[in-house]
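Trainee: File query.txt follows (compact mmCIF, C-alpha atoms):
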# COMPACT_ATOMS: atom_id res chain seq x y z
CA MET A 1 -81.79 -70.41 22.72
CA GLN A 2 -78.54 -69.68 24.52
CA ARG A 3 -76.53 -70.84 21.50
CA HIS A 4 -78.36 -68.39 19.22
CA THR A 5 -77.81 -65.59 21.73
CA VAL A 6 -74.05 -66.09 21.46
CA ILE A 7 -73.83 -66.66 17.71
CA LYS A 8 -75.94 -63.70 16.54
CA PRO A 9 -73.75 -61.02 18.19
CA LEU A 10 -70.68 -62.88 16.96
CA LEU A 11 -71.99 -62.96 13.39
CA PHE A 12 -72.93 -59.30 13.70
CA SER A 13 -69.44 -58.36 14.92
CA LEU A 14 -67.85 -60.40 12.13
CA SER A 15 -70.03 -58.68 9.55
CA LEU A 16 -68.96 -55.31 10.95
CA ALA A 17 -65.30 -56.34 10.73
CA VAL A 18 -65.69 -57.51 7.13
CA SER A 19 -67.58 -54.34 6.27
CA SER A 20 -64.91 -52.18 7.90
CA TYR A 21 -62.16 -54.08 6.05
CA ALA A 22 -63.95 -53.65 2.72
CA THR A 23 -64.59 -49.96 3.36
CA ALA A 24 -60.94 -49.37 4.24
CA ALA A 25 -59.82 -51.18 1.09
CA THR A 26 -62.15 -49.08 -1.04
CA GLU A 27 -61.12 -45.80 0.55
CA CYS A 28 -57.40 -46.59 0.34
CA ASP A 29 -57.35 -47.45 -3.35
CA GLY A 30 -57.77 -51.17 -2.76
CA VAL A 31 -55.33 -51.42 0.17
CA ALA A 32 -56.94 -52.66 3.40
CA LEU A 33 -55.78 -50.05 5.89
CA THR A 34 -57.67 -48.43 8.76
CA PRO A 35 -57.47 -45.51 8.90
CA CYS A 36 -56.52 -44.63 5.36
CA PRO A 37 -53.18 -42.77 5.46
CA ALA A 38 -53.35 -39.02 5.05
CA PRO A 39 -52.80 -37.10 2.92
CA PHE A 40 -54.40 -39.23 0.21
CA ASP A 41 -53.15 -37.90 -3.11
CA HIS A 42 -55.44 -38.64 -6.03
CA GLN A 43 -52.93 -38.27 -8.87
CA LEU A 44 -49.83 -40.44 -8.53
CA PRO A 45 -46.58 -40.24 -10.52
CA ASP A 46 -45.67 -43.03 -12.95
CA PRO A 47 -43.66 -45.69 -11.07
CA HIS A 48 -41.81 -46.51 -14.32
CA GLN A 49 -40.17 -43.07 -13.99
CA MET A 50 -39.31 -43.32 -10.27
CA LEU A 51 -35.62 -42.53 -10.76
CA SER A 52 -36.42 -39.33 -12.68
CA TRP A 53 -39.38 -37.97 -10.69
CA SER A 54 -39.48 -34.25 -9.93
CA GLN A 55 -39.19 -33.06 -6.33
CA LYS A 56 -42.98 -32.69 -6.15
CA ASP A 57 -43.50 -36.16 -7.60
CA ARG A 58 -41.10 -37.66 -5.07
CA VAL A 59 -43.14 -36.34 -2.16
CA VAL A 60 -46.37 -37.72 -3.61
CA GLY A 61 -44.78 -40.93 -4.83
CA PHE A 62 -42.93 -41.76 -1.61
CA ARG A 63 -46.00 -41.33 0.60
CA ASN A 64 -48.18 -43.32 -1.81
CA ASP A 65 -45.73 -46.11 -2.61
CA TYR A 66 -48.12 -48.51 -0.91
CA ARG A 67 -50.61 -47.72 -3.72
CA ASN A 68 -48.16 -47.55 -6.63
CA TYR A 69 -47.40 -51.25 -6.36
CA ALA A 70 -49.06 -54.42 -5.10
CA GLY A 71 -48.47 -54.72 -1.37
CA ASP A 72 -48.87 -56.96 1.66
CA VAL A 73 -50.27 -55.33 4.82
CA PHE A 74 -48.56 -56.10 8.14
CA HIS A 75 -50.88 -55.37 11.05
CA HIS A 76 -50.03 -53.56 14.27
CA GLY A 77 -50.27 -54.78 17.83
CA GLN A 78 -51.34 -53.24 21.13
CA ALA A 79 -49.48 -49.95 21.07
CA LYS A 80 -48.33 -47.79 23.92
CA PRO A 81 -48.13 -44.09 22.94
CA LEU A 82 -44.66 -42.61 22.76
CA ALA A 83 -44.14 -40.33 25.74
CA ARG A 84 -42.93 -36.74 25.42
CA ALA A 85 -39.40 -36.10 26.64
CA ASN A 86 -38.81 -33.57 29.41
CA ASN A 87 -35.79 -32.18 27.58
CA LEU A 88 -37.04 -31.18 24.13
CA LEU A 89 -34.84 -30.45 21.14
CA VAL A 90 -35.32 -26.80 20.19
CA ASP A 91 -32.28 -26.23 18.02
CA ALA A 92 -28.90 -27.67 17.13
CA GLN A 93 -26.23 -26.34 14.83
CA TYR A 94 -23.23 -27.44 12.83
CA GLN A 95 -20.62 -25.82 10.57
CA VAL A 96 -19.40 -26.65 7.08
CA ASN A 97 -16.70 -24.60 5.35
CA GLY A 98 -17.18 -21.66 7.70
CA HIS A 99 -20.98 -21.55 7.37
CA THR A 100 -23.18 -22.24 10.41
CA TYR A 101 -26.47 -24.03 9.87
CA HIS A 102 -29.27 -24.40 12.40
CA LEU A 103 -31.94 -27.10 12.58
CA ALA A 104 -34.36 -25.02 10.47
CA ASP A 105 -31.64 -24.61 7.82
CA TYR A 106 -30.93 -28.32 7.87
CA LEU A 107 -34.58 -29.20 7.25
CA LYS A 108 -34.57 -27.06 4.11
CA ARG A 109 -31.14 -28.15 2.89
CA GLU A 110 -32.07 -31.82 3.22
CA ASN A 111 -35.62 -31.49 1.81
CA VAL A 112 -36.89 -33.12 5.00
CA ALA A 113 -40.50 -34.32 4.82
CA GLY A 114 -40.56 -35.82 8.32
CA MET A 115 -38.19 -36.13 11.27
CA LEU A 116 -38.38 -37.81 14.67
CA VAL A 117 -35.87 -37.71 17.53
CA LEU A 118 -36.27 -40.25 20.36
CA LYS A 119 -34.09 -39.79 23.43
CA ASN A 120 -34.38 -42.48 26.11
CA GLY A 121 -37.38 -43.79 24.18
CA LYS A 122 -39.26 -40.48 24.41
CA VAL A 123 -40.11 -37.91 21.75
CA ALA A 124 -37.67 -35.00 21.96
CA TYR A 125 -38.59 -33.64 18.53
CA LYS A 126 -41.10 -34.38 15.78
CA TYR A 127 -41.51 -32.56 12.50
CA PHE A 128 -43.68 -32.97 9.41
CA ALA A 129 -43.59 -31.07 6.12
CA GLU A 130 -45.31 -31.31 2.74
CA GLY A 131 -48.64 -32.04 4.43
CA ASN A 132 -47.48 -35.34 5.94
CA THR A 133 -49.18 -36.55 9.13
CA ASP A 134 -48.93 -39.17 11.86
CA THR A 135 -50.86 -41.57 9.59
CA THR A 136 -48.66 -41.07 6.51
CA LEU A 137 -46.96 -44.25 5.29
CA TRP A 138 -43.59 -43.26 3.81
CA THR A 139 -41.53 -45.62 1.71
CA SER A 140 -38.22 -46.74 3.11
CA ARG A 141 -36.29 -47.40 -0.06
CA SER A 142 -33.17 -49.26 1.15
CA VAL A 143 -33.96 -48.69 4.83
CA GLY A 144 -35.95 -51.87 4.18
CA LYS A 145 -32.64 -53.74 3.76
CA SER A 146 -31.87 -53.11 7.44
CA VAL A 147 -35.32 -54.43 8.38
CA VAL A 148 -34.69 -57.58 6.33
CA SER A 149 -31.25 -58.16 7.85
CA THR A 150 -32.85 -57.90 11.30
CA LEU A 151 -35.47 -60.48 10.32
CA VAL A 152 -32.64 -62.78 9.20
CA GLY A 153 -31.23 -62.49 12.73
CA ILE A 154 -34.61 -63.43 14.20
CA ALA A 155 -34.84 -66.43 11.84
CA ILE A 156 -31.42 -67.59 13.05
CA LYS A 157 -32.53 -67.24 16.69
CA GLN A 158 -35.63 -69.31 15.86
CA GLY A 159 -33.57 -71.95 14.07
CA LYS A 160 -35.24 -71.37 10.71
CA ILE A 161 -31.84 -70.36 9.29
CA HIS A 162 -28.97 -72.44 10.65
CA SER A 163 -26.11 -69.97 10.30
CA LEU A 164 -24.76 -67.04 8.29
CA ASP A 165 -21.97 -69.44 7.31
CA ASP A 166 -24.47 -71.47 5.26
CA ASN A 167 -24.14 -71.26 1.50
CA ILE A 168 -26.99 -69.56 -0.34
CA THR A 169 -27.55 -72.78 -2.28
CA VAL A 170 -28.68 -74.54 0.92
CA TYR A 171 -31.85 -72.45 0.60
CA GLU A 172 -31.78 -71.79 -3.15
CA PRO A 173 -30.50 -75.08 -4.69
CA GLU A 174 -31.42 -73.98 -8.22
CA LEU A 175 -28.62 -71.39 -8.01
CA LYS A 176 -25.98 -74.14 -8.06
CA GLY A 177 -23.72 -73.57 -11.03
CA THR A 178 -24.47 -69.82 -11.12
CA ALA A 179 -22.34 -66.91 -9.90
CA TRP A 180 -24.01 -67.32 -6.48
CA ASP A 181 -22.68 -70.85 -5.98
CA GLY A 182 -20.23 -70.88 -3.05
CA VAL A 183 -21.41 -67.54 -1.62
CA THR A 184 -22.35 -67.59 2.08
CA LEU A 185 -25.25 -65.77 3.70
CA LYS A 186 -22.74 -63.62 5.59
CA GLN A 187 -21.15 -62.52 2.33
CA LEU A 188 -24.62 -61.86 0.95
CA ILE A 189 -25.73 -59.77 3.95
CA GLN A 190 -22.45 -57.80 3.91
CA HIS A 191 -22.56 -57.25 0.12
CA THR A 192 -19.23 -59.00 -0.42
CA SER A 193 -20.59 -61.79 -2.65
CA GLY A 194 -18.33 -60.82 -5.56
CA VAL A 195 -21.29 -61.14 -7.93
CA ALA A 196 -21.43 -58.27 -10.42
CA TRP A 197 -24.27 -55.78 -10.01
CA ASN A 198 -24.62 -52.26 -11.39
CA GLU A 199 -26.45 -50.09 -8.82
CA ASP A 200 -26.07 -46.85 -10.84
CA TYR A 201 -29.29 -44.86 -10.30
CA THR A 202 -28.47 -42.46 -13.13
CA ASN A 203 -27.94 -45.15 -15.80
CA PRO A 204 -31.21 -46.29 -17.42
CA ASN A 205 -29.51 -49.56 -18.43
CA SER A 206 -28.12 -50.44 -14.99
CA ASP A 207 -29.18 -53.60 -13.19
CA PHE A 208 -31.01 -51.48 -10.62
CA ALA A 209 -32.90 -49.60 -13.35
CA GLN A 210 -33.91 -52.93 -14.90
CA LEU A 211 -35.13 -54.11 -11.48
CA THR A 212 -37.21 -50.92 -11.21
CA GLN A 213 -38.76 -51.61 -14.61
CA CYS A 214 -39.59 -55.18 -13.57
CA GLU A 215 -41.37 -53.83 -10.49
CA ALA A 216 -43.64 -51.60 -12.53
CA GLN A 217 -45.09 -54.45 -14.60
CA ALA A 218 -46.86 -57.78 -14.18
CA GLY A 219 -44.74 -60.82 -13.38
CA ALA A 220 -42.29 -58.83 -11.27
CA TYR A 221 -41.00 -61.82 -9.28
CA ALA A 222 -40.06 -63.89 -12.33
CA CYS A 223 -38.61 -60.81 -14.04
CA VAL A 224 -36.34 -59.89 -11.13
CA ARG A 225 -35.38 -63.51 -10.46
CA ASN A 226 -34.30 -63.85 -14.08
CA ILE A 227 -32.00 -60.81 -13.74
CA VAL A 228 -30.48 -61.95 -10.45
CA SER A 229 -30.02 -65.58 -11.53
CA HIS A 230 -28.00 -64.64 -14.62
CA LEU A 231 -25.53 -62.24 -13.04
CA LYS A 232 -21.80 -62.85 -13.59
CA ARG A 233 -18.95 -63.08 -11.10
CA ALA A 234 -16.76 -60.00 -10.77
CA HIS A 235 -14.53 -60.92 -7.78
CA PRO A 236 -13.86 -63.89 -5.51
CA ALA A 237 -16.46 -64.06 -2.76
CA GLY A 238 -15.58 -62.14 0.40
CA GLU A 239 -12.79 -59.98 -1.03
CA GLN A 240 -14.55 -56.83 -2.23
CA TRP A 241 -17.50 -54.84 -0.96
CA SER A 242 -19.97 -53.74 -3.63
CA TYR A 243 -23.46 -52.50 -2.80
CA SER A 244 -26.11 -54.65 -4.47
CA SER A 245 -29.89 -54.40 -4.37
CA GLY A 246 -29.91 -57.62 -6.39
CA GLY A 247 -28.08 -59.40 -3.59
CA ALA A 248 -30.42 -57.82 -1.03
CA TRP A 249 -33.42 -59.05 -3.01
CA LEU A 250 -31.94 -62.55 -2.94
CA LEU A 251 -31.40 -62.33 0.83
CA GLY A 252 -35.11 -61.54 1.23
CA ASP A 253 -35.98 -64.51 -0.98
CA VAL A 254 -33.78 -66.81 1.13
CA LEU A 255 -35.56 -65.55 4.26
CA GLU A 256 -39.00 -66.22 2.78
CA ARG A 257 -37.99 -69.75 1.80
CA ALA A 258 -36.49 -70.44 5.23
CA THR A 259 -39.55 -69.18 7.14
CA GLY A 260 -42.25 -70.21 4.66
CA MET A 261 -43.75 -66.72 5.02
CA SER A 262 -43.73 -63.45 3.13
CA LEU A 263 -41.55 -60.70 4.60
CA ALA A 264 -44.67 -58.81 5.68
CA ALA A 265 -46.18 -61.81 7.45
CA TYR A 266 -42.92 -62.65 9.20
CA LEU A 267 -42.39 -59.03 10.26
CA GLN A 268 -45.95 -58.90 11.62
CA GLN A 269 -45.56 -62.15 13.56
CA THR A 270 -42.13 -61.51 15.05
CA VAL A 271 -41.83 -57.74 15.53
CA TRP A 272 -44.73 -55.56 14.45
CA GLN A 273 -47.38 -57.02 16.74
CA PRO A 274 -45.22 -58.24 19.68
CA ASN A 275 -43.28 -54.96 19.80
CA GLY A 276 -46.47 -52.89 19.94
CA MET A 277 -46.26 -50.89 16.73
CA ALA A 278 -49.13 -48.39 16.52
CA SER A 279 -50.15 -48.59 12.84
CA ASP A 280 -50.43 -51.05 10.01
CA GLY A 281 -47.78 -50.89 7.32
CA VAL A 282 -47.43 -52.19 3.79
CA TRP A 283 -44.58 -54.10 2.14
CA HIS A 284 -44.18 -53.92 -1.63
CA ALA A 285 -45.08 -57.37 -2.96
CA TYR A 286 -43.97 -59.09 -6.16
CA GLN A 287 -46.56 -61.81 -5.50
CA SER A 288 -49.13 -60.83 -2.87
CA GLY A 289 -49.01 -63.02 0.21
CA LYS A 290 -45.99 -64.92 -1.09
CA HIS A 291 -43.06 -62.77 -2.23
CA ASP A 292 -42.15 -59.29 -0.98
CA VAL A 293 -39.18 -57.18 -2.02
CA GLY A 294 -36.03 -57.87 -0.02
CA ALA A 295 -34.23 -54.76 -1.28
CA HIS A 296 -36.79 -52.12 -0.26
CA GLY A 297 -40.56 -51.63 -0.18
CA PHE A 298 -41.21 -51.24 3.58
CA ASN A 299 -43.82 -48.49 4.19
CA ALA A 300 -44.74 -47.33 7.70
CA THR A 301 -45.50 -44.27 9.81
CA LEU A 302 -42.83 -41.96 11.22
CA GLU A 303 -43.40 -43.10 14.81
CA ASP A 304 -43.29 -46.77 13.85
CA TRP A 305 -40.00 -46.21 12.03
CA GLY A 306 -38.86 -44.82 15.37
CA ARG A 307 -40.23 -47.82 17.27
CA PHE A 308 -38.26 -50.11 14.98
CA GLY A 309 -35.15 -48.08 15.79
CA GLU A 310 -35.90 -48.52 19.49
CA PHE A 311 -36.19 -52.28 18.95
CA ILE A 312 -32.62 -52.25 17.57
CA LEU A 313 -31.47 -49.92 20.35
CA ASN A 314 -32.77 -52.48 22.86
CA GLU A 315 -30.79 -55.32 21.22
CA GLY A 316 -33.94 -56.94 19.85
CA ARG A 317 -35.84 -57.07 23.13
CA LEU A 318 -39.64 -56.91 23.09
CA PRO A 319 -41.58 -54.89 25.68
CA ASP A 320 -42.09 -58.07 27.75
CA GLY A 321 -38.30 -58.47 28.00
CA LYS A 322 -37.99 -61.39 25.57
CA GLN A 323 -34.94 -61.05 23.32
CA ILE A 324 -35.68 -62.30 19.82
CA LEU A 325 -32.33 -61.49 18.19
CA PRO A 326 -29.26 -63.68 18.81
CA ASP A 327 -26.82 -62.54 21.48
CA ASN A 328 -24.45 -59.88 20.10
CA TRP A 329 -26.42 -59.63 16.83
CA VAL A 330 -26.57 -55.82 16.89
CA ASN A 331 -22.83 -55.63 17.65
CA ASP A 332 -22.14 -58.02 14.78
CA ALA A 333 -24.41 -56.03 12.47
CA ALA A 334 -22.29 -52.95 13.24
CA THR A 335 -18.95 -54.72 12.81
CA TRP A 336 -18.05 -53.15 9.49
CA THR A 337 -16.60 -55.40 6.81
CA GLN A 338 -12.92 -54.90 6.09
CA ALA A 339 -13.30 -55.97 2.47
CA LYS A 340 -11.81 -53.76 -0.22
CA ASP A 341 -13.85 -50.60 -0.94
CA SER A 342 -15.56 -50.72 2.46
CA VAL A 343 -12.43 -49.33 4.12
CA SER A 344 -11.26 -45.85 3.10
CA ALA A 345 -9.46 -42.78 4.45
CA ALA A 346 -12.86 -41.34 5.33
CA HIS A 347 -13.96 -44.49 7.16
CA PRO A 348 -10.85 -46.53 8.06
CA GLU A 349 -12.97 -48.81 10.25
CA GLY A 350 -15.17 -49.74 7.25
CA ILE A 351 -18.51 -48.52 6.03
CA TYR A 352 -20.94 -51.48 5.86
CA GLY A 353 -22.19 -54.24 8.13
CA TYR A 354 -25.29 -56.45 8.05
CA GLN A 355 -27.10 -54.09 5.68
CA TRP A 356 -26.48 -51.22 8.12
CA TRP A 357 -24.15 -48.31 7.27
CA ASN A 358 -21.43 -46.48 9.13
CA ASN A 359 -22.20 -42.82 8.40
CA ALA A 360 -19.97 -41.30 11.07
CA ILE A 361 -18.40 -37.92 10.33
CA PRO A 362 -15.55 -38.86 7.94
CA ALA A 363 -12.18 -39.15 9.66
CA ASN A 364 -10.61 -36.89 7.01
CA ALA A 365 -13.39 -34.26 7.03
CA GLN A 366 -12.02 -30.71 7.24
CA HIS A 367 -13.59 -27.40 8.18
CA VAL A 368 -16.54 -29.03 9.95
CA VAL A 369 -17.99 -28.69 13.45
CA PRO A 370 -18.52 -31.04 15.22
CA THR A 371 -15.20 -32.56 14.15
CA ALA A 372 -14.78 -36.25 13.46
CA ALA A 373 -13.28 -36.65 16.94
CA GLU A 374 -16.33 -34.94 18.49
CA GLY A 375 -18.87 -36.77 16.35
CA LEU A 376 -21.43 -39.42 17.24
CA LYS A 377 -19.58 -42.75 17.38
CA HIS A 378 -20.67 -46.35 16.91
CA SER A 379 -24.04 -45.65 15.30
CA LEU A 380 -25.98 -47.90 12.97
CA TRP A 381 -27.52 -46.09 10.00
CA ALA A 382 -30.29 -47.57 7.85
CA LEU A 383 -30.05 -45.52 4.65
CA GLY A 384 -32.30 -45.32 1.60
CA ILE A 385 -31.92 -43.34 -1.59
CA TYR A 386 -33.14 -39.75 -1.60
CA GLY A 387 -32.46 -39.45 2.13
CA GLN A 388 -34.45 -42.03 4.11
CA ILE A 389 -32.77 -42.68 7.48
CA ILE A 390 -33.05 -44.56 10.75
CA MET A 391 -30.03 -43.82 12.96
CA VAL A 392 -29.52 -45.83 16.15
CA ASN A 393 -26.93 -44.92 18.78
CA ARG A 394 -26.95 -47.13 21.85
CA ALA A 395 -24.37 -45.12 23.82
CA GLU A 396 -26.57 -42.01 23.75
CA ASN A 397 -29.85 -43.96 23.86
CA LEU A 398 -30.79 -42.01 20.75
CA VAL A 399 -32.86 -42.85 17.66
CA ILE A 400 -33.33 -40.39 14.79
CA VAL A 401 -35.66 -40.95 11.83
CA GLN A 402 -35.63 -38.84 8.68
CA TRP A 403 -37.81 -38.79 5.57
CA SER A 404 -36.41 -36.77 2.69
CA THR A 405 -36.57 -36.04 -1.02
CA TRP A 406 -32.95 -35.27 -1.79
CA PRO A 407 -32.47 -33.97 -5.35
CA GLN A 408 -30.10 -36.89 -6.04
CA ALA A 409 -30.73 -40.52 -5.25
CA GLU A 410 -27.22 -41.03 -3.94
CA PRO A 411 -25.26 -37.81 -3.42
CA SER A 412 -21.58 -37.94 -2.53
CA PHE A 413 -20.76 -38.44 1.15
CA SER A 414 -19.46 -34.87 1.21
CA ALA A 415 -22.99 -33.54 0.65
CA GLN A 416 -26.27 -34.49 2.38
CA PRO A 417 -24.90 -37.60 4.18
CA LEU A 418 -22.12 -35.51 5.72
CA GLU A 419 -24.55 -32.85 6.90
CA ALA A 420 -26.80 -35.55 8.37
CA ALA A 421 -23.81 -36.90 10.33
CA LEU A 422 -22.99 -33.39 11.55
CA MET A 423 -26.55 -32.54 12.54
CA TYR A 424 -27.14 -35.86 14.31
CA SER A 425 -23.88 -35.38 16.23
CA ALA A 426 -24.99 -31.87 17.18
CA ILE A 427 -28.39 -33.21 18.32
CA ALA A 428 -26.65 -35.85 20.45
CA GLN A 429 -24.54 -33.16 22.10
CA GLN A 430 -27.60 -30.98 22.71
CA LEU A 431 -29.55 -33.81 24.34
CA HIS A 432 -26.66 -35.46 26.19
Turn this file's structure into structure tokens for me.
Mentor:
Amino acid sequence: MQRHTVIKPLLFSLSLAVSSYATAATECDGVALTPCPAPFDHQLPDPHQMLSWSQKDRVVGFRNDYRNYAGDVFHHGQAKPLARANNLLVDAQYQVNGHTYHLADYLKRENVAGMLVLKNGKVAYKYFAEGNTDTTLWTSRSVGKSVVSTLVGIAIKQGKIHSLDDNITVYEPELKGTAWDGVTLKQLIQHTSGVAWNEDYTNPNSDFAQLTQCEAQAGAYACVRNIVSHLKRAHPAGEQWSYSSGGAWLLGDVLERATGMSLAAYLQQTVWQPNGMASDGVWHAYQSGKHDVGAHGFNATLEDWGRFGEFILNEGRLPDGKQILPDNWVNDAATWTQAKDSVSAAHPEGIYGYQWWNNAIPANAQHVVPTAAEGLKHSLWALGIYGQIIMVNRAENLVIVQWSTWPQAEPSFSAQPLEAALMYSAIAQQLH
């Protein structure tokens, strides 16, 4: 009698959980999320045409990326609400070529669809546009690369990856004899592999465009692996920096092999639940439950993007104080490579680290306020095409998140990226 008393409520609760899961999957176009992200757009743009979407299509496509492709859900933990800062951001301003722009101007000029400013871990400013909400899952584009590089650090701390000095072929032996043979994980994570890759977003025949086409059809994993495995060598490994989503995809594949888990599952186990993220997210999967996209494909809420930034700000420490990144990992991630094409007059210290960017105000920028000397120093920027950003500055205890639909996938650094650097520096001054 007592046994039945225990089992019946348990079976009832399990049936409710299964029912809830099924209902969520049905309501969210087959994706098991509770609640279903809002807004829920019923007509989605063609993912085959992602690089040529209109501005309107980008808004709809970016907040429904989790439905445009197969995806793996990573579940949240026990969340603590983000507190409201005492000192709120009301306005900040910067100047370019004699013109002064305020925060409201910046939001329009950058086509901002969401923005979050966390000062000392508290919300100093939050903004949504285009109907986005606290439940919206926005796609990261290459911001996901910074998430993957962080997971690589965790895997090293756990001993699942021995060292960044390991050759790729330790984890991918079938790449022996290819252009990747002799390339280290450090060269891979810094994009100095020397393996040729055309990242041109405007060229329909580029390697990146081919990757995008693979993603929009069945057999995506085999299709992308075929592209990456047959690339040629352009430079000796370690000598020249060249941004490569193909290399980033391979880094994600190495991580999955080393951990025996998909990126989504590993993120959930190591960060998403222990760090107390508030909402489930979705990672674009090439093979559900097995292979997720190392180059991009991370979809999460605005506040959880911010919580990830706080995790980096805190050197990889969880709320219970446990540090799950190696000592000095964040410093190393922001030690910019000195390889050719990373160093320039604009950024003499280098522009790229462990899949994090240096987007400081260019040293040679003229007719701007704040000046380069007054700008926000030593920040890590996770950047994705069309203006997706997580900026982390440990000196100011500041995290800024931005969702955008820039008209160009990758504008010159004298355009939107420059104005982002100026505005973020102005925000830091305002909240100092």
Trainee: Can I get the residues of segment 358-421 of chain A within 10 Å of segment 336-351 of chain A, each with the closest pair of atoms and their distance in Å to one decimal, using all atoms listed in the file, sorted chain first then ascending number, as CSV?
Mentor:
residue,atom,partner,partner_atom,distance
A:Asn358,CA,A:Ile351,CA,4.7
A:Asn359,CA,A:Ile351,CA,7.2
A:Ala360,CA,A:His347,CA,7.8
A:Ile361,CA,A:Ala346,CA,8.2
A:Pro362,CA,A:Ala346,CA,4.5
A:Ala363,CA,A:Ala346,CA,4.9
A:Asn364,CA,A:Ala346,CA,5.3
A:Ala365,CA,A:Ala346,CA,7.3
A:Ala372,CA,A:Ala346,CA,9.8
A:Phe413,CA,A:Ala346,CA,9.4
Trainee: Which is closer to Tyr69 of chain A than all the others in A:Thr405, A:Ser163, A:Thr259, A:Thr212, using only C-alpha atoms?
Mentor: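 Closest to Tyr69 of chain A of all the choices is A:Thr212.
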Trainee: Residues near Leu107 of chain A, anyone? I mean within 10 Å using only C-alpha atoms, not counting same-chain ones fewer than 5 positions away, as JSON, numbers by chain.
Mentor: {"A": [101, 102, 112, 113, 114, 115, 127, 129, 402, 404]}
Trainee: Would you pick out the contacts of Pro236 of chain A at 9 Å or less, using all atoms listed in the file, so that residues sharing its chain but fewer than 3 positions from it are not included, and give the list as a ChimeraX atom specification?
Mentor: /A:192-195,233,239-240
Trainee: Find the smallest box with edges along x, y and z containing every listed atom of segment 376-387 of chain A, then add 5 Å on each side and report centre and edge lengths in Å to one decimal, as JSON.
Mentor:
{"center_x": -26.4, "center_y": -43.7, "center_z": 7.9, "size_x": 23.6, "size_y": 18.5, "size_z": 29.0}
Trainee: For the point (-29.4, -69.2, 11.5) in the file's frame, write as a VMD selection string all residues with an atom no more than 12 Å away, counting only C-alpha atoms.
Mentor: chain A and resid 149 to 167 170 to 171 184 to 186 254 to 255 258 to 259 325 to 326 329
Trainee: List as a list in words the protein and nucleic acid residues near segment 381-394 of chain A, meaning an atom at most 6 Å away when all atoms listed in the file are counted, but skip any in the same chain fewer than 4 places from it.
Mentor: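 Residues meeting the cut-off are Arg141, Ser142, Val143, Ser146, Leu313, Trp356, Trp357, Leu398, Val399, Ile400, Val401, Gln402, Trp403, Ser404, Thr405, Trp406, Ala409 and Glu410 of chain A.
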Trainee: To one decimal in Å, tell me the separation between atom CA of Val147 of chain A and atom CA of Arg63 of chain A.
Mentor: 18.6 Å
Trainee: Mind filling out segment 405-417 of chain A with N, CA and C atoms and sending it as a tab-separated table (two decimals), in the frame of the given file?
Mentor:
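File produced: rebuild21.tsv:
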chain	number	residue	atom	x	y	z
A	405	THR	N	-36.54	-35.95	0.44
A	405	THR	CA	-36.57	-36.04	-1.02
A	405	THR	C	-35.34	-35.30	-1.55
A	406	TRP	N	-34.17	-35.87	-1.28
A	406	TRP	CA	-32.95	-35.27	-1.79
A	406	TRP	C	-33.03	-35.15	-3.31
A	407	PRO	N	-32.43	-34.12	-3.88
A	407	PRO	CA	-32.47	-33.97	-5.35
A	407	PRO	C	-31.78	-35.11	-6.09
A	408	GLN	N	-30.80	-35.75	-5.44
A	408	GLN	CA	-30.10	-36.89	-6.04
A	408	GLN	C	-30.37	-38.15	-5.23
A	409	ALA	N	-30.48	-39.26	-5.95
A	409	ALA	CA	-30.73	-40.52	-5.25
A	409	ALA	C	-29.61	-40.84	-4.28
A	410	GLU	N	-28.38	-40.68	-4.75
A	410	GLU	CA	-27.22	-41.03	-3.94
A	410	GLU	C	-26.15	-39.94	-4.09
A	411	PRO	N	-26.27	-38.86	-3.34
A	411	PRO	CA	-25.26	-37.81	-3.42
A	411	PRO	C	-23.94	-38.29	-2.82
A	412	SER	N	-22.87	-37.58	-3.11
A	412	SER	CA	-21.58	-37.94	-2.53
A	412	SER	C	-21.64	-37.78	-1.01
A	413	PHE	N	-20.75	-38.50	-0.31
A	413	PHE	CA	-20.76	-38.44	1.15
A	413	PHE	C	-20.30	-37.09	1.67
A	414	SER	N	-19.84	-36.21	0.78
A	414	SER	CA	-19.46	-34.87	1.21
A	414	SER	C	-20.64	-33.90	1.15
A	415	ALA	N	-21.81	-34.40	0.76
A	415	ALA	CA	-22.99	-33.54	0.65
A	415	ALA	C	-23.99	-33.88	1.76
A	416	GLN	N	-25.22	-34.26	1.38
A	416	GLN	CA	-26.27	-34.49	2.38
A	416	GLN	C	-25.90	-35.53	3.45
A	417	PRO	N	-25.27	-36.66	3.11
A	417	PRO	CA	-24.90	-37.60	4.18
A	417	PRO	C	-23.95	-37.00	5.21
